[in-house]
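Here is query-v5.cif, consisting of mmCIF, N, CA and C atoms and all ligand atoms:
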```cif
data_upload
#
loop_
_atom_site.label_atom_id
_atom_site.label_comp_id
_atom_site.auth_asym_id
_atom_site.auth_seq_id
_atom_site.Cartn_x
_atom_site.Cartn_y
_atom_site.Cartn_z
N MET A 98 -16.89 8.40 -11.44
CA MET A 98 -16.42 7.33 -10.55
C MET A 98 -15.22 7.83 -9.72
N LYS A 99 -15.30 7.59 -8.40
CA LYS A 99 -14.21 8.03 -7.52
C LYS A 99 -13.14 6.95 -7.44
N ILE A 100 -11.93 7.30 -7.84
CA ILE A 100 -10.83 6.32 -7.84
C ILE A 100 -9.92 6.58 -6.64
N GLY A 101 -9.68 5.51 -5.88
CA GLY A 101 -8.78 5.59 -4.73
C GLY A 101 -7.49 4.84 -5.01
N ILE A 102 -6.41 5.29 -4.36
CA ILE A 102 -5.12 4.63 -4.55
C ILE A 102 -4.46 4.45 -3.19
N THR A 103 -3.80 3.32 -3.00
CA THR A 103 -3.03 3.11 -1.78
C THR A 103 -1.77 2.33 -2.15
N PHE A 104 -0.82 2.31 -1.23
CA PHE A 104 0.49 1.72 -1.52
C PHE A 104 0.96 0.87 -0.35
N GLY A 105 1.78 -0.11 -0.62
CA GLY A 105 2.38 -0.88 0.47
C GLY A 105 3.15 -2.07 -0.07
N THR A 106 3.81 -2.77 0.84
CA THR A 106 4.57 -3.97 0.45
C THR A 106 3.66 -5.20 0.48
N PHE A 107 2.81 -5.28 1.49
CA PHE A 107 1.87 -6.40 1.65
C PHE A 107 2.58 -7.75 1.62
N ASP A 108 3.71 -7.83 2.34
CA ASP A 108 4.45 -9.10 2.41
C ASP A 108 3.85 -9.95 3.54
N VAL A 109 3.84 -11.26 3.37
CA VAL A 109 3.25 -12.19 4.36
C VAL A 109 1.86 -11.63 4.75
N PHE A 110 0.98 -11.64 3.77
CA PHE A 110 -0.32 -10.96 3.86
C PHE A 110 -1.04 -11.30 5.17
N HIS A 111 -1.51 -10.25 5.86
CA HIS A 111 -2.16 -10.47 7.17
C HIS A 111 -3.43 -9.63 7.31
N PHE A 112 -4.11 -9.79 8.47
CA PHE A 112 -5.41 -9.16 8.71
C PHE A 112 -5.34 -7.62 8.63
N GLY A 113 -4.24 -7.03 9.10
CA GLY A 113 -4.09 -5.57 9.02
C GLY A 113 -4.07 -5.10 7.57
N HIS A 114 -3.45 -5.90 6.69
CA HIS A 114 -3.44 -5.58 5.25
C HIS A 114 -4.87 -5.63 4.70
N LEU A 115 -5.59 -6.72 5.05
CA LEU A 115 -6.96 -6.85 4.56
C LEU A 115 -7.81 -5.67 5.02
N ARG A 116 -7.68 -5.27 6.28
CA ARG A 116 -8.51 -4.20 6.83
C ARG A 116 -8.23 -2.86 6.15
N ILE A 117 -6.95 -2.56 5.87
CA ILE A 117 -6.69 -1.26 5.23
C ILE A 117 -7.26 -1.25 3.81
N LEU A 118 -7.20 -2.39 3.15
CA LEU A 118 -7.74 -2.45 1.78
C LEU A 118 -9.26 -2.38 1.80
N GLU A 119 -9.89 -3.07 2.74
CA GLU A 119 -11.36 -3.01 2.85
C GLU A 119 -11.81 -1.59 3.17
N ARG A 120 -11.13 -0.95 4.12
CA ARG A 120 -11.54 0.42 4.51
C ARG A 120 -11.26 1.41 3.38
N SER A 121 -10.19 1.19 2.65
CA SER A 121 -9.87 2.07 1.51
C SER A 121 -10.95 1.96 0.45
N ARG A 122 -11.39 0.75 0.19
CA ARG A 122 -12.40 0.52 -0.85
C ARG A 122 -13.74 1.16 -0.48
N GLU A 123 -13.99 1.27 0.83
CA GLU A 123 -15.23 1.94 1.28
C GLU A 123 -15.22 3.43 0.94
N LEU A 124 -14.03 3.99 0.72
CA LEU A 124 -13.91 5.43 0.45
C LEU A 124 -13.93 5.76 -1.05
N CYS A 125 -14.04 4.75 -1.91
CA CYS A 125 -14.00 5.01 -3.35
C CYS A 125 -14.82 3.96 -4.10
N ASP A 126 -14.90 4.14 -5.43
CA ASP A 126 -15.65 3.18 -6.26
C ASP A 126 -14.70 2.19 -6.94
N LYS A 127 -13.44 2.61 -7.06
CA LYS A 127 -12.43 1.73 -7.68
C LYS A 127 -11.14 1.89 -6.90
N LEU A 128 -10.57 0.77 -6.47
CA LEU A 128 -9.33 0.84 -5.66
C LEU A 128 -8.15 0.29 -6.45
N VAL A 129 -7.13 1.15 -6.58
CA VAL A 129 -5.88 0.78 -7.25
C VAL A 129 -4.79 0.68 -6.17
N VAL A 130 -4.00 -0.39 -6.22
CA VAL A 130 -2.99 -0.60 -5.18
C VAL A 130 -1.59 -0.68 -5.79
N GLY A 131 -0.72 0.19 -5.33
CA GLY A 131 0.69 0.15 -5.73
C GLY A 131 1.44 -0.78 -4.79
N ILE A 132 2.02 -1.83 -5.36
CA ILE A 132 2.76 -2.82 -4.55
C ILE A 132 4.25 -2.51 -4.71
N SER A 133 4.93 -2.33 -3.59
CA SER A 133 6.36 -2.00 -3.65
C SER A 133 7.14 -3.07 -4.41
N SER A 134 8.04 -2.63 -5.27
CA SER A 134 8.95 -3.58 -5.91
C SER A 134 9.86 -4.16 -4.83
N ASP A 135 10.50 -5.28 -5.13
CA ASP A 135 11.42 -5.89 -4.16
C ASP A 135 12.55 -4.90 -3.82
N GLU A 136 13.01 -4.16 -4.85
CA GLU A 136 14.10 -3.20 -4.64
C GLU A 136 13.65 -2.04 -3.77
N LEU A 137 12.43 -1.53 -4.02
CA LEU A 137 11.92 -0.43 -3.19
C LEU A 137 11.78 -0.88 -1.74
N ASN A 138 11.28 -2.11 -1.55
CA ASN A 138 11.13 -2.60 -0.18
C ASN A 138 12.50 -2.68 0.51
N PHE A 139 13.50 -3.10 -0.25
CA PHE A 139 14.85 -3.18 0.34
C PHE A 139 15.32 -1.79 0.75
N SER A 140 15.06 -0.80 -0.09
CA SER A 140 15.53 0.55 0.25
C SER A 140 14.72 1.15 1.41
N LYS A 141 13.43 0.78 1.53
CA LYS A 141 12.58 1.31 2.61
C LYS A 141 12.87 0.63 3.94
N LYS A 142 13.01 -0.70 3.91
CA LYS A 142 13.02 -1.48 5.15
C LYS A 142 14.34 -2.22 5.39
N GLY A 143 15.27 -2.12 4.43
CA GLY A 143 16.59 -2.74 4.62
C GLY A 143 16.56 -4.26 4.55
N LYS A 144 15.47 -4.82 3.99
CA LYS A 144 15.40 -6.29 3.83
C LYS A 144 14.55 -6.61 2.61
N LEU A 145 14.84 -7.79 2.03
CA LEU A 145 14.02 -8.22 0.90
C LEU A 145 12.75 -8.86 1.44
N PRO A 146 11.61 -8.72 0.76
CA PRO A 146 10.39 -9.37 1.24
C PRO A 146 10.51 -10.89 1.21
N VAL A 147 9.70 -11.57 2.01
CA VAL A 147 9.65 -13.04 1.99
C VAL A 147 9.05 -13.50 0.66
N TYR A 148 7.94 -12.87 0.26
CA TYR A 148 7.29 -13.17 -1.03
C TYR A 148 7.76 -12.14 -2.05
N ASN A 149 8.08 -12.60 -3.26
CA ASN A 149 8.56 -11.64 -4.25
C ASN A 149 7.42 -10.79 -4.81
N PHE A 150 7.76 -9.80 -5.61
CA PHE A 150 6.75 -8.86 -6.12
C PHE A 150 5.60 -9.57 -6.82
N GLU A 151 5.93 -10.52 -7.72
CA GLU A 151 4.87 -11.19 -8.50
C GLU A 151 3.88 -11.88 -7.57
N GLU A 152 4.39 -12.53 -6.54
CA GLU A 152 3.52 -13.26 -5.60
C GLU A 152 2.67 -12.28 -4.80
N ARG A 153 3.27 -11.21 -4.31
CA ARG A 153 2.52 -10.22 -3.50
C ARG A 153 1.45 -9.55 -4.36
N ALA A 154 1.80 -9.23 -5.60
CA ALA A 154 0.84 -8.56 -6.49
C ALA A 154 -0.32 -9.51 -6.83
N ARG A 155 -0.03 -10.81 -7.01
CA ARG A 155 -1.10 -11.78 -7.31
C ARG A 155 -2.06 -11.91 -6.13
N ILE A 156 -1.50 -11.96 -4.92
CA ILE A 156 -2.34 -12.13 -3.71
C ILE A 156 -3.25 -10.91 -3.55
N VAL A 157 -2.68 -9.71 -3.58
CA VAL A 157 -3.48 -8.49 -3.38
C VAL A 157 -4.48 -8.32 -4.53
N GLY A 158 -4.04 -8.62 -5.75
CA GLY A 158 -4.90 -8.45 -6.92
C GLY A 158 -6.07 -9.42 -6.94
N ALA A 159 -5.97 -10.51 -6.19
CA ALA A 159 -7.06 -11.51 -6.16
C ALA A 159 -8.19 -11.11 -5.22
N LEU A 160 -7.98 -10.08 -4.40
CA LEU A 160 -9.02 -9.68 -3.42
C LEU A 160 -10.17 -8.97 -4.12
N LYS A 161 -11.39 -9.22 -3.63
CA LYS A 161 -12.54 -8.61 -4.31
C LYS A 161 -12.63 -7.11 -4.07
N VAL A 162 -11.96 -6.60 -3.03
CA VAL A 162 -11.98 -5.14 -2.77
C VAL A 162 -10.93 -4.40 -3.60
N VAL A 163 -10.08 -5.14 -4.31
CA VAL A 163 -9.00 -4.51 -5.10
C VAL A 163 -9.33 -4.63 -6.59
N ASP A 164 -9.30 -3.49 -7.29
CA ASP A 164 -9.66 -3.50 -8.71
C ASP A 164 -8.45 -3.59 -9.63
N GLU A 165 -7.31 -3.06 -9.18
CA GLU A 165 -6.12 -3.06 -10.05
C GLU A 165 -4.87 -2.97 -9.18
N VAL A 166 -3.81 -3.64 -9.59
CA VAL A 166 -2.53 -3.50 -8.90
C VAL A 166 -1.45 -3.10 -9.91
N PHE A 167 -0.41 -2.43 -9.40
CA PHE A 167 0.72 -2.08 -10.27
C PHE A 167 1.98 -2.06 -9.41
N LYS A 168 3.13 -2.02 -10.07
CA LYS A 168 4.41 -2.02 -9.34
C LYS A 168 4.82 -0.61 -8.97
N GLU A 169 5.03 -0.36 -7.66
CA GLU A 169 5.55 0.94 -7.22
C GLU A 169 7.08 0.85 -7.16
N GLU A 170 7.71 1.68 -7.99
CA GLU A 170 9.18 1.60 -8.09
C GLU A 170 9.88 2.59 -7.18
N SER A 171 9.17 3.70 -6.82
CA SER A 171 9.83 4.75 -6.04
C SER A 171 8.80 5.54 -5.24
N LEU A 172 9.12 5.87 -3.99
CA LEU A 172 8.20 6.66 -3.15
C LEU A 172 7.99 8.05 -3.74
N GLU A 173 9.01 8.56 -4.41
CA GLU A 173 8.94 9.93 -4.95
C GLU A 173 8.00 10.05 -6.15
N LEU A 174 7.61 8.91 -6.73
CA LEU A 174 6.75 8.95 -7.93
C LEU A 174 5.26 8.95 -7.58
N LYS A 175 4.94 9.10 -6.29
CA LYS A 175 3.51 9.01 -5.88
C LYS A 175 2.61 9.93 -6.71
N ALA A 176 3.00 11.19 -6.90
CA ALA A 176 2.15 12.14 -7.63
C ALA A 176 1.95 11.67 -9.08
N GLU A 177 3.00 11.11 -9.70
CA GLU A 177 2.88 10.60 -11.08
C GLU A 177 1.89 9.44 -11.14
N TYR A 178 1.99 8.53 -10.16
CA TYR A 178 1.05 7.38 -10.14
C TYR A 178 -0.39 7.87 -9.95
N ILE A 179 -0.57 8.85 -9.07
CA ILE A 179 -1.92 9.38 -8.81
C ILE A 179 -2.52 9.94 -10.10
N LYS A 180 -1.70 10.69 -10.84
CA LYS A 180 -2.18 11.28 -12.11
C LYS A 180 -2.45 10.18 -13.13
N LYS A 181 -1.53 9.23 -13.23
CA LYS A 181 -1.67 8.15 -14.21
C LYS A 181 -2.99 7.39 -14.02
N PHE A 182 -3.34 7.12 -12.76
CA PHE A 182 -4.56 6.33 -12.51
C PHE A 182 -5.78 7.22 -12.26
N ASN A 183 -5.58 8.57 -12.36
CA ASN A 183 -6.70 9.49 -12.21
C ASN A 183 -7.36 9.37 -10.83
N ALA A 184 -6.54 9.13 -9.80
CA ALA A 184 -7.08 8.93 -8.45
C ALA A 184 -7.42 10.28 -7.80
N SER A 185 -8.53 10.31 -7.07
CA SER A 185 -8.90 11.55 -6.36
C SER A 185 -8.71 11.41 -4.86
N VAL A 186 -8.40 10.20 -4.40
CA VAL A 186 -8.09 10.04 -2.97
C VAL A 186 -6.92 9.07 -2.79
N LEU A 187 -5.95 9.51 -1.97
CA LEU A 187 -4.80 8.67 -1.61
C LEU A 187 -5.01 8.23 -0.16
N ILE A 188 -4.99 6.93 0.07
CA ILE A 188 -5.22 6.42 1.42
C ILE A 188 -3.95 5.69 1.88
N MET A 189 -3.52 6.02 3.10
CA MET A 189 -2.33 5.37 3.67
C MET A 189 -2.60 5.05 5.14
N GLY A 190 -1.91 4.07 5.68
CA GLY A 190 -1.99 3.80 7.11
C GLY A 190 -1.32 4.93 7.89
N ASP A 191 -1.74 5.12 9.14
CA ASP A 191 -1.24 6.30 9.87
C ASP A 191 0.20 6.16 10.38
N ASP A 192 0.85 5.02 10.07
CA ASP A 192 2.31 4.98 10.29
C ASP A 192 2.99 5.97 9.32
N TRP A 193 2.25 6.39 8.27
CA TRP A 193 2.78 7.35 7.30
C TRP A 193 2.20 8.74 7.50
N ALA A 194 1.52 9.00 8.63
CA ALA A 194 0.79 10.27 8.83
C ALA A 194 1.64 11.49 8.48
N GLY A 195 1.12 12.33 7.61
CA GLY A 195 1.79 13.57 7.21
C GLY A 195 2.84 13.40 6.14
N LYS A 196 3.33 12.17 5.93
CA LYS A 196 4.49 11.96 5.04
C LYS A 196 4.18 12.13 3.56
N PHE A 197 2.89 12.06 3.21
CA PHE A 197 2.56 12.21 1.79
C PHE A 197 1.65 13.40 1.51
N ASP A 198 1.59 14.34 2.45
CA ASP A 198 0.79 15.55 2.23
C ASP A 198 1.33 16.35 1.03
N TRP A 199 2.64 16.22 0.76
CA TRP A 199 3.28 16.98 -0.32
C TRP A 199 2.66 16.69 -1.69
N VAL A 200 2.02 15.53 -1.86
CA VAL A 200 1.47 15.22 -3.19
C VAL A 200 0.35 16.19 -3.57
N LYS A 201 -0.29 16.79 -2.54
CA LYS A 201 -1.40 17.72 -2.80
C LYS A 201 -0.94 18.95 -3.58
N GLU A 202 0.37 19.25 -3.48
CA GLU A 202 0.91 20.39 -4.24
C GLU A 202 1.09 20.04 -5.72
N HIS A 203 1.09 18.75 -6.03
CA HIS A 203 1.35 18.32 -7.41
C HIS A 203 0.11 17.83 -8.15
N CYS A 204 -0.92 17.45 -7.41
CA CYS A 204 -2.14 16.98 -8.08
C CYS A 204 -3.36 17.20 -7.18
N ASP A 205 -4.52 17.14 -7.81
CA ASP A 205 -5.77 17.42 -7.11
C ASP A 205 -6.22 16.12 -6.41
N VAL A 206 -5.74 15.93 -5.19
CA VAL A 206 -6.02 14.67 -4.49
C VAL A 206 -6.24 14.94 -3.00
N GLU A 207 -7.14 14.14 -2.43
CA GLU A 207 -7.36 14.19 -0.98
C GLU A 207 -6.45 13.11 -0.37
N VAL A 208 -5.81 13.42 0.75
CA VAL A 208 -4.93 12.43 1.38
C VAL A 208 -5.52 12.03 2.73
N ILE A 209 -5.79 10.74 2.89
CA ILE A 209 -6.42 10.25 4.13
C ILE A 209 -5.51 9.20 4.76
N TYR A 210 -5.25 9.36 6.08
CA TYR A 210 -4.46 8.38 6.82
C TYR A 210 -5.41 7.62 7.74
N LEU A 211 -5.48 6.32 7.56
CA LEU A 211 -6.37 5.49 8.39
C LEU A 211 -5.57 4.85 9.53
N PRO A 212 -6.19 4.70 10.71
CA PRO A 212 -5.48 4.06 11.83
C PRO A 212 -5.05 2.64 11.47
N ARG A 213 -3.84 2.27 11.86
CA ARG A 213 -3.38 0.90 11.65
C ARG A 213 -4.19 -0.06 12.51
N THR A 214 -4.36 -1.27 12.04
CA THR A 214 -4.97 -2.32 12.87
C THR A 214 -3.96 -2.68 13.96
N PRO A 215 -4.39 -2.65 15.24
CA PRO A 215 -3.42 -2.90 16.31
C PRO A 215 -2.85 -4.33 16.32
N SER A 216 -1.66 -4.45 16.85
CA SER A 216 -1.05 -5.74 17.22
C SER A 216 -0.77 -6.72 16.08
N VAL A 217 -0.62 -6.23 14.86
CA VAL A 217 -0.20 -7.15 13.79
C VAL A 217 0.68 -6.40 12.80
N SER A 218 1.76 -7.06 12.40
CA SER A 218 2.60 -6.52 11.33
C SER A 218 3.38 -7.68 10.71
N THR A 219 3.84 -7.47 9.49
CA THR A 219 4.67 -8.48 8.83
C THR A 219 5.89 -8.78 9.68
N THR A 220 6.52 -7.73 10.21
CA THR A 220 7.73 -7.91 11.03
C THR A 220 7.44 -8.76 12.25
N ALA A 221 6.31 -8.50 12.94
CA ALA A 221 5.97 -9.26 14.15
C ALA A 221 5.70 -10.73 13.82
N ILE A 222 5.04 -10.98 12.66
CA ILE A 222 4.76 -12.37 12.27
C ILE A 222 6.06 -13.12 11.99
N ILE A 223 6.97 -12.48 11.27
CA ILE A 223 8.26 -13.12 10.95
C ILE A 223 9.01 -13.42 12.25
N GLU A 224 9.02 -12.46 13.18
CA GLU A 224 9.71 -12.65 14.48
C GLU A 224 9.08 -13.80 15.26
N LYS A 225 7.75 -13.87 15.26
CA LYS A 225 7.04 -14.92 16.00
C LYS A 225 7.38 -16.30 15.44
N ILE A 226 7.41 -16.42 14.13
CA ILE A 226 7.71 -17.71 13.50
C ILE A 226 9.17 -18.10 13.78
N ARG A 227 10.03 -17.08 13.74
CA ARG A 227 11.47 -17.33 13.95
C ARG A 227 11.76 -17.82 15.37
N SER A 228 11.02 -17.30 16.37
CA SER A 228 11.41 -17.58 17.78
C SER A 228 10.78 -18.89 18.30
N1 LIG B 301 -1.22 -1.67 7.86
C1 LIG B 301 -2.30 -1.48 8.75
N2 LIG B 301 -2.32 -2.15 9.94
C2 LIG B 301 -1.32 -3.00 10.26
C3 LIG B 301 -0.22 -3.19 9.38
C4 LIG B 301 -0.21 -2.50 8.18
O1 LIG B 301 -3.23 -0.71 8.48
N3 LIG B 301 -1.36 -3.61 11.44
C5 LIG B 301 -1.20 -0.91 6.62
C6 LIG B 301 -0.02 0.05 6.57
O2 LIG B 301 -0.32 1.23 7.28
C7 LIG B 301 0.09 0.29 5.07
C8 LIG B 301 -0.34 -1.09 4.48
O3 LIG B 301 -1.02 -1.78 5.53
O4 LIG B 301 -0.83 1.30 4.66
C9 LIG B 301 0.84 -1.89 3.99
O5 LIG B 301 1.76 -1.98 5.08
P1 LIG B 301 3.10 -2.83 5.05
O6 LIG B 301 4.24 -1.94 5.37
O7 LIG B 301 3.16 -3.63 3.80
O8 LIG B 301 2.83 -3.85 6.28
P2 LIG B 301 3.49 -3.97 7.72
O9 LIG B 301 2.81 -5.11 8.41
O10 LIG B 301 3.46 -2.64 8.43
O11 LIG B 301 4.98 -4.39 7.36
P3 LIG B 301 6.37 -4.28 8.19
O12 LIG B 301 6.18 -4.98 9.49
O13 LIG B 301 7.37 -4.96 7.28
O14 LIG B 301 6.66 -2.79 8.34
#
```

Go through the file and emit its structure as structure tokens.
Amino acid sequence: MKIGITFGTFDVFHFGHLRILERSRELCDKLVVGISSDELNFSKKGKLPVYNFEERARIVGALKVVDEVFKEESLELKAEYIKKFNASVLIMGDDWAGKFDWVKEHCDVEVIYLPRTPSVSTTAIIEKIRS
């Protein structure tokens, strides 16, 4: 069985999130999703998510294309998570293009960057609601 892994915050869940998860699942037989902890999101994006970790993990975990979710505590632990879940493919949106190629030196994994869905992001939705 081919196990795929992807990571993200998935705050204020939107169509771009659904599309990356659907496309990731097409590349494997089992999809595992690392959901950023609230603290990791703060360190990555300088803000706390609107929905807390438990809520974001419940939403993503309820999707039929997602087989398992777990808490991602640190970007540097990617290779450890890949080994732990026995993943053979790491899928990320192309806003991260090239940024996780280093994991290939630590484990036997293929790294694929998929194009982002145009014109939607959590940040844009929050801005739109605010204005
Ligand atoms: N993603 C995507 N298309 C979008 C938005 C996000 O494919 N339009 C992907 C990202 O590339 C990433 C995953 O969804 O692999 C989770 O992204 P996340 O950072 O949680 O969502 P964003 O909407 O980009 O959030 P923000 O605006 O806070 O950066």

Report as a ChimeraX atom specification which protein, DNA and RNA residues come within 8 Å of ligand LIG 301 (chain B), using all atoms listed in the file. /A:103-118,133,142,188-193,211-223

Among segment 102-214 of chain A, which residues does DSSP mark as alpha helix (DSSP H) when it is run on the backbone? Keep the chain and numbering as in the structure and answer as an MDAnalysis selection string. chainID A and resid 112:123 135:142 150:158 175:181

Using DSSP on the backbone coordinates, identify all residues within chain A classified as strand (DSSP E); present the result as an MDAnalysis selection string. chainID A and resid 100:105 127:133 165:169 186:190 207:211

Atom CA of Lys180 of chain A and atom CA of Arg155 of chain A, how far apart in Å?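 It comes out at 23.6 Å.
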
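Among A:Leu145, A:Ile156, A:Val200, A:Ala184, the residue with the shortest atom-to-atom distance to Leu172 of chain A, counting only C-alpha atoms, is A:Val200.
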